[in-house]
Each structure stands twice: as structure tokens, then as C-alpha cells.
Amino acid sequence: MSAAAAETSQHDRRVVIEDVTHQYATKGQRVTALEDINLTIEPGEFVCLAGPSGCGKTTLLQLIAGFLRPSDGRITLGGQEVRGPSAERGVVFQQPNLYPWMTVRKNVELGPKLRRVAKAEREAQAKTYLDMVGLGDFLDRRPYELSGGMQQRAQIARVLTNDPDIILMDEPFGALDALTRERLQAELLTIWRNTGKTIFFITHSVEEAIFLGSRVLVMSARPGHVVYDKPVDFLSTMDADMPVGQMRSLPAFVRMRDEVSNEIHASGG
Amino acid sequence: MSSTPTTTAAPPAGPSKAALAEQRTVDRERRARRRAAAQRYGIRIASLVVVLLLWWLVTAAGWIKPLYLPSPGAVWDAFVRANSIHPVSEGSSRLVAGEQGYYLWQHLLASLQRMAIGVGCAILLAPLLGFLMATIKPIGLIVEPYLNFLRALPPLGYIGILIVWFGIGDLSKVWLLFLAAFPPITMATINGVRSVRADRINAVKSLGGNFLDVWRYVILPSTAPDILNGIRIAIGFAWTTVVAAELNAGNPGIGYLAYISGTELQTPLTIACIIVIGIAAILLDLLVKGIENLVVPWRGKA
Ligand SMILES: Nc1ncnc2c1ncn2[C@@H]1O[C@H](COP(=O)(O)OP(=O)(O)OP(=O)(O)O)[C@@H](O)[C@H]1O
Ligand SMILES: [Mg+2]
């Protein structure tokens, strides 16, 4: 099979970021948040992006999501240029971002509803994913009646129900306590394994990046460059359900963690 | 570390115990809020009883002349008289209905009708202008100064020109109420649209929503609490305006009755009118609040 054939395959839903530079214009002066980013995200990858605060992680995510247009370069999904937000790129926001004027169920159904999926069908889909994230008993609650962790789960269910090609997550567990965070990390890993979704995940925590990711990226500070890009390969040979606590003591884990931490510090964090 | 087998809890499927406990806490808090509300009403009713008692005491003891402050009983009698057929004066055999040719409730109804038309039109049109001003920049730029100018004027300052344009009758009063209610609702709508969080709009777009979906599922529900709040302010403001506007040719009208009875030294009736005007204002406010609770129950919670 030729490379060209693979390129044009229907199933090739890779995200390609080519020479992307992004500048913000503030009060007459320009801030270069990202410079010459080149990156390819393969279908099924769980890419974790770490880096010092202000290095442009959110900017990169918003570019992929289509909330921002790059000042230079281009981003494609399956060969199609990204020109704005679209259902093929689902987003889990850092802050709980469900609509308080809808019940949890209606929030989760919204994607299929926008695509005119029949009521019974979309209700069933929503129920499936709400059950998956453990919210099956809270369908008719309003989002503000749920805790922060439950709202983040509902956000994840909302995106899963919409069946995007790639899920973009911007520090989705950043505001949660350690215990809830660990539980949601485990749930997210299970979901990733079961659905095979492509995930692009931003985090401040090196450990979270290595624990979750199949590939870890580190970005340097202003202007943002990708300075570290390695697959997390030691896990594939391990027990898939290994909890974080146990993984922390693996030599391979410790080595990678130190490597990534050094990169972040070297890059100005 | 020893090699004792670690029992690791699998991630819970279904709602965990902790989640259920949390839900119970949320419910408990809601009950506590309701109890606190009941307590607030209790205190208010008690204070009302005390005020009425003091009023009665002051007048019964004769410390203030009835012309200046009639007793609660006299005010009540005036209220009943104004709502019934009664002799035109003490001992006379000529009977009249109510006061100034109308029952008190008809005066009140007439004022409320003027409100319904004037404010009703503002409620229909002001949000439209607000949406236009907030979304189409040039319109906002051009119209906003005029709106601010109109808002700064006391409505009674321009009733004169409205009378010239629309006559002394009801039409000028309805226009007055419309113009009084319009700016607060428009401004509230603009503020509402401008404060819609970008994330909220982005979320529906990345679920596949188009321009109309953004309006239907995000901008309209997001701004609904602001619009309702603007309507509440507008109604309160318009009500104070209608009462004053009825000083000229406002019969029937509760403001007219309050004014004319004062000039005729019927103090008990004046006070009865004042109380009716105040209670009507409170009830109108409660009505809008009730609608708010029905239509935007999430208000202030997210
Ligand atoms: N809307 C904006 N206008 C102007 N400058 C911005 C804007 N958003 C971000 N920036 C700048 O771009 C740079 C990158 O910001 P970005 O939010 O992408 O960082 P980040 O890596 O997500 O940081 P954090 O980890 O703190 O969330 C920062 O220097 C920031 O000041
Ligand atoms: Mg960020």
C-alpha cells in the first residue's frame, strides 16, 4: 500500500498542524503565543500536552477546535482545513460548561438533537453515555444541582454522545480535588480504551500526562514550541487497570516523569 | 514496600455512594432555604401588625388631627365606600357609585390597563431593539446615545409634548408609559447579550450548532434572566409614572383619585388610595418574580 493511498483513505481522520503561528493583538502590540507548530495527531491517540503556564496550550486547543483561526499555517482534519467549530471536534471545557436552562439529559442530547436525530434514539444515546460516566440517576437534574466532578462527567458524556472524531480537553480535571480527579482519570482511560476515540488533553500535571497519555508533548514558553514529543510505551506491556498509586513507583514511569519535568523547567516553567 | 496485595477499588459504575450522599446534601440545603424564607415572611407580617397597632394608637389617643392622619378605621371605611353605592353625603338621599363616578377598583383597573398597553408594547419591542443593538455594531453605536438621553429624562418632563402630539386623553399616557418602560428593558437586553460567556457559544458550535442554534439554545436563554429583570425595573418605574401622569385628565385612574381626594380634603380616601397603589406595586413585582421563578429557575445559580 502506498503512502498516498493511506493519505486519502476515508478512515484517515488524522489532525495535521502545519507551520502554525498564532499572534494575539493587544493594545497595539502583538503577542506571539505559538510559533511554527508542526504536529500530527493520529486517530486513536491519547495525546497529553503539558507545559508552563502561558505557553500557549489553550491557544493551540482553541485553534484545533476552530474557536480561533491561526495567524499563519493551517490545521486540517482528515485533509479538510479547519475553518471554525464543528461537531467532528468535541470540546470539554476547563470550567463546567453545561447549560443551566436544560436538564442534564437535555444537555447531553443536544448534539444529536442539532443533527435532527429522532427523539427516542437520541434519548437512548444520552442514557448510554450518562450511565457510562455514572450519572444514570441524575438525568432530570439541572447542572447546578450537581457537584463540580459530576458536571465534568456530564460534559464528557455530552461530547461522547455527539461522537466526534477527536475530543479536545483543556485541563478538565484541574478544578477538582485529588480523589475525584483520580477517579475521573480512571474512568476516562476506560472510556478511551472502550471507544478508541482520539483525545487531545491539556494538563498542568506531569503525572496526569504520563498516566493518561499514549503520547506526551511538552511546549516551551513564549513563543510556544513543541520541545518534547514521546510515546508512553512502557504501559502497553503493563496491566491496563493499574492504578496511579502503583504506577508511580514503576522505574519507567519515574524516568519519564523526570524527563518531562526537566523539559518543562528548561523551557521556562 | 512489601508485596502485600493491594485491594484497589475499581472505578464505580452507576452513581457512587458519595454521589448519592451529595445529592441528599443538595436537597437538604434546598429545604433549609425554604425554611428561612418562611421565617422571613413571619417577621414581615409581625412588623406589619406592629405598624398598624402604632397607627391605631396614635390616632385613637388623639395625638394627631384626623385631617392629617385619619385612623385605620376611617381609612377602611373610605375604602369600602369607594367600592360601593353610597349616599353622596351624610344623610343625603342621593346615591352615587364609588368616587368621582367610578368604583375604586375601576380606578385601579383603568391605571392597570394603561400600564398593560404601554408597558406591554415595550416588553414586545424593547428586547428586539436590544438584540439588534447588541449584535449589529453600527445600530448600537447610533442608537445608544439617544436611548441614554431618553432614559435620563423624567417622563413627566416630556408629558407636555406628548399631550400636544397625542391629545390629553389616554393615548398620551400610554405613550408616556411606553417611553418610560422602553429604555430599561432595552439596556437590560444589551447587557444580557454582551455578557453571554464565549464558552457557552463555543460549546453549542462545537456540538454542531449553526447560527440559529446559537440564538435558540444559548443567547436567548442566557439573556432571559436579564430581560425579565429589566421588565421588573420597567414595571416599577412605569407604575410610579402612571400615578403621576393621571394628575391631568386621569379620571378614572387610581393616581387621579389619590390626587383629587387630597385636594378635596378627603384624607381617609387619599390614604386608602396610597395603600392600594403601594400594594398594587408590590403585587406586580411579585407577579414578575413568580414568572421569573417559572421561566428562569436557574437565575443566579449558574
Ligand atoms: N485573548 C487573548 N488576548 C491576548 N493575549 C492572549 C489571549 N489569550 C492568551 N493570550 C496570551 O497568549 C499566551 C498563551 O496563552 P494560553 O492561554 O494559550 O496559555 P496556556 O498555556 O493555556 O496557559 P495556562 O496553562 O495558564 O492555561 C499567554 O502569554 C497569554 O498572555
Ligand atoms: Mg490554558
# chains A, B, ... in the order shown; residues from 1 in each chain; ligands from 1
>>> residues_near_ligand(ligand="ligand 2", cutoff="9 Å", atoms="only C-alpha atoms and all ligand atoms", output="list in words")
Ser53, Gly54, Cys55, Gly56, Lys57, Thr58, Thr59, Leu61, Gln94, Asp170, Glu171, Ile202 and Thr203 of chain A
>>> residues_around(residues="Leu176 (chain A)", least_positions_apart="6", cutoff="10 Å", atoms="only C-alpha atoms", output="list of chain:residue names")
A:Ser147, A:Gly148, A:Gly149, A:Gln152, A:Glu182, A:Leu184
>>> residues_around(residues="region 251-253 of chain B", least_positions_apart="4", cutoff="12 Å", atoms="only C-alpha atoms", output="PDB file with N, CA and C atoms, in the first residue's frame")
ATOM      1  N   GLY B  98     -69.304  54.629  44.063  1.00  0.00           N
ATOM      2  CA  GLY B  98     -67.863  54.879  44.201  1.00  0.00           C
ATOM      3  C   GLY B  98     -67.535  56.346  44.371  1.00  0.00           C
ATOM      4  N   GLU B  99     -66.395  56.734  43.826  1.00  0.00           N
ATOM      5  CA  GLU B  99     -65.927  58.120  43.927  1.00  0.00           C
ATOM      6  C   GLU B  99     -65.568  58.622  42.538  1.00  0.00           C
ATOM      7  N   GLN B 100     -65.837  59.901  42.300  1.00  0.00           N
ATOM      8  CA  GLN B 100     -65.530  60.523  41.009  1.00  0.00           C
ATOM      9  C   GLN B 100     -66.160  59.762  39.853  1.00  0.00           C
ATOM     10  N   GLY B 101     -67.340  59.135  40.129  1.00  0.00           N
ATOM     11  CA  GLY B 101     -68.066  58.463  39.065  1.00  0.00           C
ATOM     12  C   GLY B 101     -67.676  57.015  38.829  1.00  0.00           C
ATOM     13  N   TYR B 102     -66.658  56.545  39.517  1.00  0.00           N
ATOM     14  CA  TYR B 102     -66.220  55.150  39.330  1.00  0.00           C
ATOM     15  C   TYR B 102     -65.934  54.523  40.686  1.00  0.00           C
ATOM     16  N   TYR B 103     -66.064  53.184  40.742  1.00  0.00           N
ATOM     17  CA  TYR B 103     -65.615  52.488  41.948  1.00  0.00           C
ATOM     18  C   TYR B 103     -64.100  52.558  42.026  1.00  0.00           C
ATOM     19  N   LEU B 104     -63.569  52.402  43.218  1.00  0.00           N
ATOM     20  CA  LEU B 104     -62.112  52.444  43.389  1.00  0.00           C
ATOM     21  C   LEU B 104     -61.442  51.370  42.534  1.00  0.00           C
ATOM     22  N   TRP B 105     -62.064  50.178  42.520  1.00  0.00           N
ATOM     23  CA  TRP B 105     -61.426  49.099  41.733  1.00  0.00           C
ATOM     24  C   TRP B 105     -61.415  49.427  40.243  1.00  0.00           C
ATOM     25  N   GLN B 106     -62.414  50.244  39.815  1.00  0.00           N
ATOM     26  CA  GLN B 106     -62.395  50.651  38.406  1.00  0.00           C
ATOM     27  C   GLN B 106     -61.275  51.655  38.136  1.00  0.00           C
ATOM     28  N   HIS B 107     -61.044  52.545  39.124  1.00  0.00           N
ATOM     29  CA  HIS B 107     -59.908  53.465  39.004  1.00  0.00           C
ATOM     30  C   HIS B 107     -58.615  52.675  38.870  1.00  0.00           C
ATOM     31  N   LEU B 108     -58.464  51.668  39.756  1.00  0.00           N
ATOM     32  CA  LEU B 108     -57.252  50.851  39.742  1.00  0.00           C
ATOM     33  C   LEU B 108     -57.109  50.132  38.407  1.00  0.00           C
ATOM     34  N   LEU B 109     -58.233  49.558  37.964  1.00  0.00           N
ATOM     35  CA  LEU B 109     -58.211  48.809  36.712  1.00  0.00           C
ATOM     36  C   LEU B 109     -57.821  49.706  35.535  1.00  0.00           C
ATOM     37  N   ALA B 110     -58.341  50.951  35.557  1.00  0.00           N
ATOM     38  CA  ALA B 110     -58.026  51.873  34.461  1.00  0.00           C
ATOM     39  C   ALA B 110     -56.521  52.132  34.408  1.00  0.00           C
ATOM     40  N   SER B 111     -55.917  52.339  35.581  1.00  0.00           N
ATOM     41  CA  SER B 111     -54.469  52.568  35.617  1.00  0.00           C
ATOM     42  C   SER B 111     -53.721  51.333  35.119  1.00  0.00           C
ATOM     43  N   LEU B 112     -54.177  50.169  35.580  1.00  0.00           N
ATOM     44  CA  LEU B 112     -53.501  48.923  35.184  1.00  0.00           C
ATOM     45  C   LEU B 112     -53.614  48.699  33.678  1.00  0.00           C
ATOM     46  N   GLN B 113     -54.759  49.092  33.115  1.00  0.00           N
ATOM     47  CA  GLN B 113     -54.937  48.930  31.670  1.00  0.00           C
ATOM     48  C   GLN B 113     -53.948  49.785  30.895  1.00  0.00           C
ATOM     49  N   ARG B 114     -53.802  51.042  31.342  1.00  0.00           N
ATOM     50  CA  ARG B 114     -52.818  51.914  30.681  1.00  0.00           C
ATOM     51  C   ARG B 114     -51.435  51.269  30.742  1.00  0.00           C
ATOM     52  N   MET B 115     -51.114  50.729  31.920  1.00  0.00           N
ATOM     53  CA  MET B 115     -49.826  50.033  32.090  1.00  0.00           C
ATOM     54  C   MET B 115     -49.721  48.883  31.100  1.00  0.00           C
ATOM     55  N   ILE B 168     -55.003  65.007  25.205  1.00  0.00           N
ATOM     56  CA  ILE B 168     -54.983  64.946  26.664  1.00  0.00           C
ATOM     57  C   ILE B 168     -55.439  63.575  27.167  1.00  0.00           C
ATOM     58  N   GLY B 169     -56.043  62.774  26.257  1.00  0.00           N
ATOM     59  CA  GLY B 169     -56.653  61.501  26.676  1.00  0.00           C
ATOM     60  C   GLY B 169     -55.654  60.409  27.000  1.00  0.00           C
ATOM     61  N   ASP B 170     -56.150  59.165  26.870  1.00  0.00           N
ATOM     62  CA  ASP B 170     -55.346  58.017  27.272  1.00  0.00           C
ATOM     63  C   ASP B 170     -54.114  57.805  26.409  1.00  0.00           C
ATOM     64  N   LYS B 173     -50.932  59.149  27.656  1.00  0.00           N
ATOM     65  CA  LYS B 173     -50.467  58.444  28.862  1.00  0.00           C
ATOM     66  C   LYS B 173     -49.840  57.099  28.498  1.00  0.00           C
ATOM     67  N   TRP B 239     -45.110  52.254  36.845  1.00  0.00           N
ATOM     68  CA  TRP B 239     -46.201  52.394  37.802  1.00  0.00           C
ATOM     69  C   TRP B 239     -46.113  53.722  38.540  1.00  0.00           C
ATOM     70  N   VAL B 242     -47.316  56.298  35.995  1.00  0.00           N
ATOM     71  CA  VAL B 242     -48.741  56.348  35.646  1.00  0.00           C
ATOM     72  C   VAL B 242     -49.509  57.132  36.706  1.00  0.00           C
ATOM     73  N   VAL B 243     -49.152  56.906  37.962  1.00  0.00           N
ATOM     74  CA  VAL B 243     -49.866  57.574  39.045  1.00  0.00           C
ATOM     75  C   VAL B 243     -49.718  59.087  38.908  1.00  0.00           C
ATOM     76  N   ALA B 244     -48.507  59.518  38.593  1.00  0.00           N
ATOM     77  CA  ALA B 244     -48.282  60.959  38.459  1.00  0.00           C
ATOM     78  C   ALA B 244     -48.912  61.505  37.179  1.00  0.00           C
ATOM     79  N   ALA B 245     -48.876  60.699  36.112  1.00  0.00           N
ATOM     80  CA  ALA B 245     -49.401  61.169  34.825  1.00  0.00           C
ATOM     81  C   ALA B 245     -50.900  61.402  34.893  1.00  0.00           C
ATOM     82  N   GLU B 246     -51.576  60.746  35.824  1.00  0.00           N
ATOM     83  CA  GLU B 246     -53.027  60.856  35.889  1.00  0.00           C
ATOM     84  C   GLU B 246     -53.502  62.141  36.560  1.00  0.00           C
ATOM     85  N   LEU B 247     -52.548  62.960  37.010  1.00  0.00           N
ATOM     86  CA  LEU B 247     -52.953  64.236  37.604  1.00  0.00           C
ATOM     87  C   LEU B 247     -53.715  65.078  36.590  1.00  0.00           C
ATOM     88  N   LEU B 257     -57.487  59.651  41.476  1.00  0.00           N
ATOM     89  CA  LEU B 257     -58.327  59.596  42.681  1.00  0.00           C
ATOM     90  C   LEU B 257     -57.529  60.002  43.923  1.00  0.00           C
ATOM     91  N   ALA B 258     -56.288  59.519  44.007  1.00  0.00           N
ATOM     92  CA  ALA B 258     -55.450  59.857  45.160  1.00  0.00           C
ATOM     93  C   ALA B 258     -55.226  61.361  45.218  1.00  0.00           C
ATOM     94  N   TYR B 259     -55.000  61.971  44.057  1.00  0.00           N
ATOM     95  CA  TYR B 259     -54.704  63.390  43.994  1.00  0.00           C
ATOM     96  C   TYR B 259     -55.936  64.228  44.301  1.00  0.00           C
ATOM     97  N   ILE B 260     -57.041  63.917  43.596  1.00  0.00           N
ATOM     98  CA  ILE B 260     -58.233  64.749  43.708  1.00  0.00           C
ATOM     99  C   ILE B 260     -58.835  64.666  45.118  1.00  0.00           C
ATOM    100  N   CYS B 273     -56.121  55.196  48.878  1.00  0.00           N
ATOM    101  CA  CYS B 273     -55.560  55.104  47.526  1.00  0.00           C
ATOM    102  C   CYS B 273     -54.057  54.827  47.564  1.00  0.00           C
ATOM    103  N   VAL B 276     -53.508  51.310  48.310  1.00  0.00           N
ATOM    104  CA  VAL B 276     -53.829  50.466  47.148  1.00  0.00           C
ATOM    105  C   VAL B 276     -52.723  50.560  46.097  1.00  0.00           C
ATOM    106  N   ILE B 277     -52.234  51.786  45.857  1.00  0.00           N
ATOM    107  CA  ILE B 277     -51.158  51.967  44.867  1.00  0.00           C
ATOM    108  C   ILE B 277     -49.923  51.169  45.282  1.00  0.00           C
TER     109      ILE B 277
END
>>> residues_near_ligand(ligand="ligand 1", cutoff="12 Å", atoms="only C-alpha atoms and all ligand atoms", output="JSON, numbers by chain")
{"A": [21, 22, 23, 24, 25, 26, 27, 28, 29, 30, 31, 32, 33, 34, 35, 49, 50, 51, 52, 53, 54, 55, 56, 57, 58, 59, 60, 61, 62, 63, 67, 68, 93, 94, 95, 169, 170, 171, 172, 174, 201, 202, 203, 204, 205, 218, 219, 220, 221, 222, 223, 224, 225, 226, 264, 268, 269], "B": [198]}
>>> closest_atom_pairs(of="chain A", to="chain B", cutoff="6 Å", atoms="only C-alpha atoms", output="tab-separated table")
residue	atom	partner	partner_atom	distance
A:Pro85	CA	B:Ser206	CA	4.8
A:Ser86	CA	B:Ser206	CA	4.6
A:Ala87	CA	B:Gly208	CA	4.2
A:Gly90	CA	B:Ser206	CA	5.8
A:Pro100	CA	B:Trp298	CA	5.9
A:Gly111	CA	B:Leu207	CA	5.0
A:Gly134	CA	B:Gly14	CA	4.1
A:Leu135	CA	B:Pro15	CA	5.8
>>> write_last_selection(atoms="N, CA, C and O atoms", output="PDB file, in the first residue's frame")
ATOM      1  N   PRO A  85     -15.625  26.035  14.451  1.00  0.00           N
ATOM      2  CA  PRO A  85     -16.033  24.908  15.287  1.00  0.00           C
ATOM      3  C   PRO A  85     -16.915  23.952  14.494  1.00  0.00           C
ATOM      4  O   PRO A  85     -17.628  24.381  13.595  1.00  0.00           O
ATOM      5  N   SER A  86     -16.858  22.691  14.841  1.00  0.00           N
ATOM      6  CA  SER A  86     -17.697  21.716  14.153  1.00  0.00           C
ATOM      7  C   SER A  86     -17.870  20.478  15.017  1.00  0.00           C
ATOM      8  O   SER A  86     -17.067  20.206  15.914  1.00  0.00           O
ATOM      9  N   ALA A  87     -18.906  19.717  14.726  1.00  0.00           N
ATOM     10  CA  ALA A  87     -19.260  18.571  15.556  1.00  0.00           C
ATOM     11  C   ALA A  87     -18.200  17.476  15.518  1.00  0.00           C
ATOM     12  O   ALA A  87     -18.179  16.601  16.377  1.00  0.00           O
ATOM     13  N   GLY A  90     -15.072  17.648  19.282  1.00  0.00           N
ATOM     14  CA  GLY A  90     -15.783  17.913  20.543  1.00  0.00           C
ATOM     15  C   GLY A  90     -14.857  18.558  21.556  1.00  0.00           C
ATOM     16  O   GLY A  90     -13.661  18.294  21.569  1.00  0.00           O
ATOM     17  N   PRO A 100     -27.528  25.666  32.080  1.00  0.00           N
ATOM     18  CA  PRO A 100     -28.395  25.531  33.254  1.00  0.00           C
ATOM     19  C   PRO A 100     -29.879  25.565  32.904  1.00  0.00           C
ATOM     20  O   PRO A 100     -30.703  25.218  33.729  1.00  0.00           O
ATOM     21  N   GLY A 111     -26.251  17.518  21.109  1.00  0.00           N
ATOM     22  CA  GLY A 111     -25.546  17.263  19.854  1.00  0.00           C
ATOM     23  C   GLY A 111     -26.419  16.523  18.848  1.00  0.00           C
ATOM     24  O   GLY A 111     -26.702  17.040  17.757  1.00  0.00           O
ATOM     25  N   GLY A 134     -21.534   7.247  35.042  1.00  0.00           N
ATOM     26  CA  GLY A 134     -22.078   7.109  36.395  1.00  0.00           C
ATOM     27  C   GLY A 134     -23.094   8.157  36.781  1.00  0.00           C
ATOM     28  O   GLY A 134     -23.255   8.467  37.964  1.00  0.00           O
ATOM     29  N   LEU A 135     -23.798   8.713  35.802  1.00  0.00           N
ATOM     30  CA  LEU A 135     -24.804   9.737  36.139  1.00  0.00           C
ATOM     31  C   LEU A 135     -26.214   9.286  35.762  1.00  0.00           C
ATOM     32  O   LEU A 135     -27.119  10.106  35.632  1.00  0.00           O
TER      33      LEU A 135
END
>>> residues_around(residues="Val15 (chain A)", least_positions_apart="6", cutoff="9 Å", atoms="only C-alpha atoms", output="list in words")
Leu39, Thr40, Ile41, Glu42, Pro43, Ile64, Ile75, Thr76, Leu77, Gly78, Gly79 and Ile166 of chain A
>>> closest_residue(among="A:Arg248, A:Arg255, A:Lys230, A:Arg158", to="Ala126 (chain A)", atoms="only C-alpha atoms")
A:Arg158
>>> select_by_dssp(residues="region 49-156 of chain A", states="helix (DSSP H, G or I)", output="short mmCIF file (atom, residue, chain, number, x, y, z; two decimals) with C-alpha atoms, in the first residue's frame")
data_model
loop_
_atom_site.label_atom_id
_atom_site.label_comp_id
_atom_site.auth_asym_id
_atom_site.auth_seq_id
_atom_site.Cartn_x
_atom_site.Cartn_y
_atom_site.Cartn_z
CA LYS A 57 -1.66 25.29 25.35
CA THR A 58 -5.17 26.71 25.41
CA THR A 59 -4.42 28.70 22.28
CA LEU A 60 -3.43 25.51 20.45
CA LEU A 61 -6.58 23.74 21.62
CA GLN A 62 -8.77 26.64 20.53
CA LEU A 63 -7.09 26.63 17.13
CA ILE A 64 -7.81 22.93 16.68
CA ALA A 65 -11.36 23.46 17.94
CA VAL A 104 -28.57 17.04 32.41
CA ARG A 105 -30.29 14.72 29.92
CA LYS A 106 -31.20 17.57 27.55
CA ASN A 107 -27.64 18.88 27.72
CA VAL A 108 -26.24 15.51 26.75
CA GLU A 109 -28.81 15.05 23.98
CA LEU A 110 -28.09 18.43 22.45
CA GLY A 111 -25.55 17.26 19.85
CA PRO A 112 -27.78 14.59 18.29
CA LYS A 113 -30.73 16.97 18.56
CA LEU A 114 -28.88 19.55 16.47
CA LYS A 119 -36.07 11.73 19.94
CA ALA A 120 -36.17 8.11 21.09
CA GLU A 121 -32.80 7.38 19.54
CA ARG A 122 -31.01 10.37 21.00
CA GLU A 123 -32.55 9.76 24.41
CA ALA A 124 -31.17 6.23 24.33
CA GLN A 125 -27.73 7.50 23.30
CA ALA A 126 -27.69 10.09 26.05
CA LYS A 127 -28.71 7.48 28.61
CA THR A 128 -25.96 5.12 27.48
CA TYR A 129 -23.22 7.69 27.96
CA LEU A 130 -24.66 9.12 31.17
CA ASP A 131 -24.70 5.58 32.54
CA MET A 132 -21.11 5.16 31.36
CA PRO A 143 -26.49 21.02 36.11
CA TYR A 144 -26.26 23.40 39.08
CA GLU A 145 -27.73 20.71 41.28
CA GLY A 148 -18.24 20.01 40.04
CA GLY A 149 -16.97 16.50 39.35
CA MET A 150 -20.41 15.31 38.28
CA GLN A 151 -20.73 18.30 35.95
CA GLN A 152 -17.40 17.46 34.31
CA ARG A 153 -18.59 13.87 33.82
CA ALA A 154 -21.77 15.17 32.23
CA GLN A 155 -19.68 17.37 29.92
CA ILE A 156 -17.69 14.29 28.88
#
>>> closest_residue(among="A:Arg83, A:Arg215, A:Arg14, A:Arg142", to="Asp229 (chain A)", atoms="only C-alpha atoms")
A:Arg215
>>> select_by_dssp(residues="region 80-146 of chain A", states="strand (DSSP E or B)", output="list in words")
Gln80, Glu81, Arg89, Gly90, Val91 and Val92 of chain A
>>> residues_around(residues="region 210-214 of chain A", least_positions_apart="6", cutoff="7 Å", atoms="only C-alpha atoms", output="number ranges by chain")
A: 45-48, 189, 231-232, 244
>>> write_last_selection(atoms="N, CA, C and O atoms", output="PDB file, in the first residue's frame")
ATOM      1  N   GLU A  45      -5.094   8.116  19.093  1.00  0.00           N
ATOM      2  CA  GLU A  45      -4.071   8.536  20.055  1.00  0.00           C
ATOM      3  C   GLU A  45      -4.703   9.267  21.240  1.00  0.00           C
ATOM      4  O   GLU A  45      -5.751   9.902  21.100  1.00  0.00           O
ATOM      5  N   PHE A  46      -4.019   9.183  22.375  1.00  0.00           N
ATOM      6  CA  PHE A  46      -4.399   9.975  23.548  1.00  0.00           C
ATOM      7  C   PHE A  46      -3.206  10.887  23.808  1.00  0.00           C
ATOM      8  O   PHE A  46      -2.249  10.498  24.457  1.00  0.00           O
ATOM      9  N   VAL A  47      -3.271  12.089  23.243  1.00  0.00           N
ATOM     10  CA  VAL A  47      -2.132  12.999  23.309  1.00  0.00           C
ATOM     11  C   VAL A  47      -2.291  13.911  24.514  1.00  0.00           C
ATOM     12  O   VAL A  47      -3.306  14.583  24.657  1.00  0.00           O
ATOM     13  N   CYS A  48      -1.300  13.917  25.399  1.00  0.00           N
ATOM     14  CA  CYS A  48      -1.338  14.824  26.538  1.00  0.00           C
ATOM     15  C   CYS A  48      -0.320  15.927  26.322  1.00  0.00           C
ATOM     16  O   CYS A  48       0.843  15.667  26.009  1.00  0.00           O
ATOM     17  N   LEU A 189      -9.789   6.839  31.080  1.00  0.00           N
ATOM     18  CA  LEU A 189      -8.952   5.814  30.442  1.00  0.00           C
ATOM     19  C   LEU A 189      -9.803   4.645  29.961  1.00  0.00           C
ATOM     20  O   LEU A 189      -9.624   4.143  28.845  1.00  0.00           O
ATOM     21  N   PRO A 231       6.164   8.847  22.783  1.00  0.00           N
ATOM     22  CA  PRO A 231       5.080   7.939  23.136  1.00  0.00           C
ATOM     23  C   PRO A 231       5.292   7.371  24.532  1.00  0.00           C
ATOM     24  O   PRO A 231       6.428   7.264  25.000  1.00  0.00           O
ATOM     25  N   VAL A 232       4.207   7.075  25.205  1.00  0.00           N
ATOM     26  CA  VAL A 232       4.296   6.409  26.503  1.00  0.00           C
ATOM     27  C   VAL A 232       4.168   4.923  26.206  1.00  0.00           C
ATOM     28  O   VAL A 232       3.061   4.418  26.052  1.00  0.00           O
ATOM     29  N   VAL A 244      -3.066   4.581  39.587  1.00  0.00           N
ATOM     30  CA  VAL A 244      -1.998   5.581  39.566  1.00  0.00           C
ATOM     31  C   VAL A 244      -0.978   5.334  40.662  1.00  0.00           C
ATOM     32  O   VAL A 244       0.224   5.413  40.418  1.00  0.00           O
TER      33      VAL A 244
END
>>> atom_distance(atom1="CA of Glu263 (chain A)", atom2="CA of Ala175 (chain A)")
24.5 Å
>>> closest_residue(among="B:Ala60, B:Ser172, B:Gly262, B:Ala134", to="Ser195 (chain B)", atoms="only C-alpha atoms")
B:Ala134
